[in-house]
Amino acid sequence: MAAGFDPSGRLPDVFTNAGTSSFTQFLSKVAPELLPGRRPLPPGIAADLAPHATTIVAIASATGVVMAGDRRATMGNMISSRDIQKVHPADRHSLVGIAGTAGIGIEMMRLFQVELEHYEKIEGAVLSLDGKANRLASMIRGNLGAAMQGLAVIPLFAGFDLAASDPAKAGRIFSFDVAGGPYEETGYDAIGSGSIFARSALKKRFRPGLSTDEAVRLAVEALYDAADDDTATGGPDLTRRIYPVVMTATAEGTNRLTEAETAAVAEAVVAARMENPGG
């Protein structure tokens, strides 16, 4: 039970008084033990105790952004999950993908979703895209102690900037370091163990003004290249029909491609690589 609760069932004053617009800050006062980075950990390195999520890519398109992630999670040299979902909507116009310790990453992503919803309800306004990136950065910073013991989480954040003066440049991408530093990327980015290979693929093929369909195809190809060289990244599994999670964020909001849409793109990429394995 969180500190300060009355056994009679009456909510403490902190729940009924007007407070901060930050849900994370509110939680740090009411129940700090529920925050991802506040749990006590035994001494030593704990990197191999939990599954790790891997490669995420994001690409700016003419109408917004595309974000895609593979489905594999690993624990050491073992595949712990073949169908984990690493890309999620943060709110109506932004996306977040996670790489690193899967359990902490999923928890941080859900807390971030609540953080944005809480701010909107308290303030009656939506945070700017830069404000959202800064809120996420503070959450990553709060997990620094666990990260130093091997339980690091590095998200990738992208969205459609409603305040952009040029709609063609409204798709923006932010990366972070383990200490919470936010960095805006131009055009594309990738995180996770296969990111070096995915980023190399994107570097060769990216051009400004890609359509959404072109960006989706490029994202799936980049994940294919990452899986080709990184054992922790899973490629399209045609036998089990497990394909990457692909989402878009545009002026109309966020959208996840259906399994049939993603399958069509992934199968086309695989068929093309049968003829030209190098891409």
# chains A, B, ... in the order shown; residues from 1 in each chain; ligands from 1
>>> residues_around(residues="range 273-276 of chain A", least_positions_apart="5", cutoff="10 Å", atoms="only C-alpha atoms", output="MDAnalysis selection string")
chainID A and resid 221 224 267:268
>>> write_last_selection(atoms="all heavy atoms", output="short mmCIF file (atom, residue, chain, number, x, y, z; two decimals), in the first residue's frame")
data_model
loop_
_atom_site.label_atom_id
_atom_site.label_comp_id
_atom_site.auth_asym_id
_atom_site.auth_seq_id
_atom_site.Cartn_x
_atom_site.Cartn_y
_atom_site.Cartn_z
N GLU A 221 12.96 -2.96 -44.88
CA GLU A 221 14.23 -3.38 -45.47
C GLU A 221 15.39 -3.15 -44.49
O GLU A 221 16.30 -3.98 -44.40
CB GLU A 221 14.48 -2.62 -46.77
CG GLU A 221 13.59 -3.06 -47.92
CD GLU A 221 14.01 -2.45 -49.24
OE1 GLU A 221 14.84 -1.52 -49.23
OE2 GLU A 221 13.51 -2.92 -50.28
N TYR A 224 15.33 -5.86 -42.00
CA TYR A 224 15.82 -7.09 -42.63
C TYR A 224 17.35 -7.10 -42.63
O TYR A 224 17.98 -8.11 -42.31
CB TYR A 224 15.28 -7.20 -44.05
CG TYR A 224 15.63 -8.48 -44.75
CD1 TYR A 224 14.70 -9.52 -44.85
CD2 TYR A 224 16.88 -8.68 -45.33
CE1 TYR A 224 15.02 -10.71 -45.50
CE2 TYR A 224 17.22 -9.86 -45.98
CZ TYR A 224 16.28 -10.88 -46.05
OH TYR A 224 16.59 -12.05 -46.68
N GLU A 267 6.83 -9.71 -47.15
CA GLU A 267 6.99 -10.78 -48.13
C GLU A 267 7.57 -10.24 -49.44
O GLU A 267 8.34 -10.93 -50.11
CB GLU A 267 5.64 -11.46 -48.36
CG GLU A 267 5.20 -12.30 -47.16
CD GLU A 267 3.77 -12.79 -47.26
OE1 GLU A 267 3.13 -12.52 -48.31
OE2 GLU A 267 3.28 -13.41 -46.30
N ALA A 268 7.24 -9.00 -49.78
CA ALA A 268 7.83 -8.39 -50.97
C ALA A 268 9.33 -8.15 -50.77
O ALA A 268 10.13 -8.36 -51.70
CB ALA A 268 7.12 -7.07 -51.29
#
>>> residues_around(residues="range 93-98 of chain A", least_positions_apart="6", cutoff="6 Å", atoms="only C-alpha atoms", output="JSON, numbers by chain")
{"A": [86, 87, 105, 155, 156, 157, 158, 159, 160, 249, 253, 254]}
>>> write_last_selection(atoms="N, CA and C atoms", output="mmCIF file, in the first residue's frame")
data_model
loop_
_atom_site.group_PDB
_atom_site.id
_atom_site.type_symbol
_atom_site.label_atom_id
_atom_site.label_comp_id
_atom_site.auth_asym_id
_atom_site.auth_seq_id
_atom_site.Cartn_x
_atom_site.Cartn_y
_atom_site.Cartn_z
ATOM 1 N N LYS A 86 7.465 -3.753 -29.611
ATOM 2 C CA LYS A 86 8.379 -2.734 -29.094
ATOM 3 C C LYS A 86 8.002 -1.318 -29.516
ATOM 4 N N VAL A 87 7.039 -1.168 -30.416
ATOM 5 C CA VAL A 87 6.607 0.142 -30.901
ATOM 6 C C VAL A 87 5.162 0.373 -30.476
ATOM 7 N N GLY A 105 11.502 -1.283 -20.034
ATOM 8 C CA GLY A 105 11.127 -0.462 -21.171
ATOM 9 C C GLY A 105 9.627 -0.383 -21.361
ATOM 10 N N PRO A 155 14.884 4.530 -25.388
ATOM 11 C CA PRO A 155 13.758 4.622 -26.313
ATOM 12 C C PRO A 155 14.083 5.468 -27.545
ATOM 13 N N LEU A 156 13.248 5.341 -28.541
ATOM 14 C CA LEU A 156 13.260 6.203 -29.711
ATOM 15 C C LEU A 156 11.890 6.851 -29.784
ATOM 16 N N PHE A 157 11.853 8.165 -29.899
ATOM 17 C CA PHE A 157 10.596 8.913 -29.868
ATOM 18 C C PHE A 157 10.435 9.674 -31.179
ATOM 19 N N ALA A 158 9.239 9.638 -31.737
ATOM 20 C CA ALA A 158 8.976 10.352 -32.982
ATOM 21 C C ALA A 158 7.514 10.758 -33.020
ATOM 22 N N GLY A 159 7.239 11.799 -33.775
ATOM 23 C CA GLY A 159 5.854 12.231 -33.851
ATOM 24 C C GLY A 159 5.630 13.281 -34.913
ATOM 25 N N PHE A 160 4.366 13.645 -35.062
ATOM 26 C CA PHE A 160 3.961 14.699 -35.979
ATOM 27 C C PHE A 160 3.809 15.974 -35.171
ATOM 28 N N ALA A 249 2.716 8.135 -37.762
ATOM 29 C CA ALA A 249 2.137 9.284 -37.074
ATOM 30 C C ALA A 249 2.040 10.416 -38.085
ATOM 31 N N GLY A 253 -3.290 11.422 -37.001
ATOM 32 C CA GLY A 253 -3.063 10.663 -35.782
ATOM 33 C C GLY A 253 -2.135 9.486 -36.018
ATOM 34 N N THR A 254 -2.049 8.603 -35.025
ATOM 35 C CA THR A 254 -1.197 7.422 -35.148
ATOM 36 C C THR A 254 -1.991 6.259 -35.713
#
>>> residues_around(residues="Gly69 in chain A", least_positions_apart="6", cutoff="6 Å", atoms="only C-alpha atoms", output="JSON list (two decimals) with N, CA, C and O atoms, in the first residue's frame")
[["chain", "number", "residue", "atom", "x", "y", "z"],
["A", 55, "THR", "N", 16.03, -4.00, -32.15],
["A", 55, "THR", "CA", 16.16, -2.92, -33.12],
["A", 55, "THR", "C", 14.85, -2.19, -33.44],
["A", 55, "THR", "O", 13.83, -2.81, -33.74],
["A", 56, "ILE", "N", 14.94, -0.85, -33.41],
["A", 56, "ILE", "CA", 13.84, 0.05, -33.78],
["A", 56, "ILE", "C", 14.38, 1.04, -34.80],
["A", 56, "ILE", "O", 15.49, 1.55, -34.65],
["A", 244, "PRO", "N", 7.35, -7.46, -38.58],
["A", 244, "PRO", "CA", 7.63, -6.29, -37.75],
["A", 244, "PRO", "C", 6.35, -5.52, -37.40],
["A", 244, "PRO", "O", 5.35, -5.59, -38.11],
["A", 245, "VAL", "N", 6.42, -4.79, -36.30],
["A", 245, "VAL", "CA", 5.36, -3.84, -35.96],
["A", 245, "VAL", "C", 5.70, -2.52, -36.66],
["A", 245, "VAL", "O", 6.80, -1.98, -36.47]]
>>> residues_around(residues="Gly192 in chain A", least_positions_apart="4", cutoff="8 Å", atoms="only C-alpha atoms", output="list of chain:residue names")
A:Ala53, A:Thr54, A:Thr55, A:Ile56, A:Ala99, A:Gly100, A:Ile154
>>> select_by_dssp(residues="range 48-271 of chain A", states="strand (DSSP E)", output="PyMOL selection string")
chain A and resi 52-53+56-60+64-69+73-75+78-81+87-91+94-101+153-160+171-176+182-185+188-191+245-250+253-256
>>> closest_residue(among="A:Gln113, A:Thr63, A:Thr186, A:Ser21", to="Ala251 in chain A", atoms="only C-alpha atoms")
A:Thr63
>>> select_by_dssp(residues="range 98-274 of chain A", states="helix (DSSP H, G or I)", output="PyMOL selection string")
chain A and resi 102-123+129-142+144-147+167-169+195-205+212-229+259-274
>>> closest_residue(among="A:Ala232, A:Met67, A:Ala62, A:Val246", to="Asp189 in chain A", atoms="only C-alpha atoms")
A:Met67
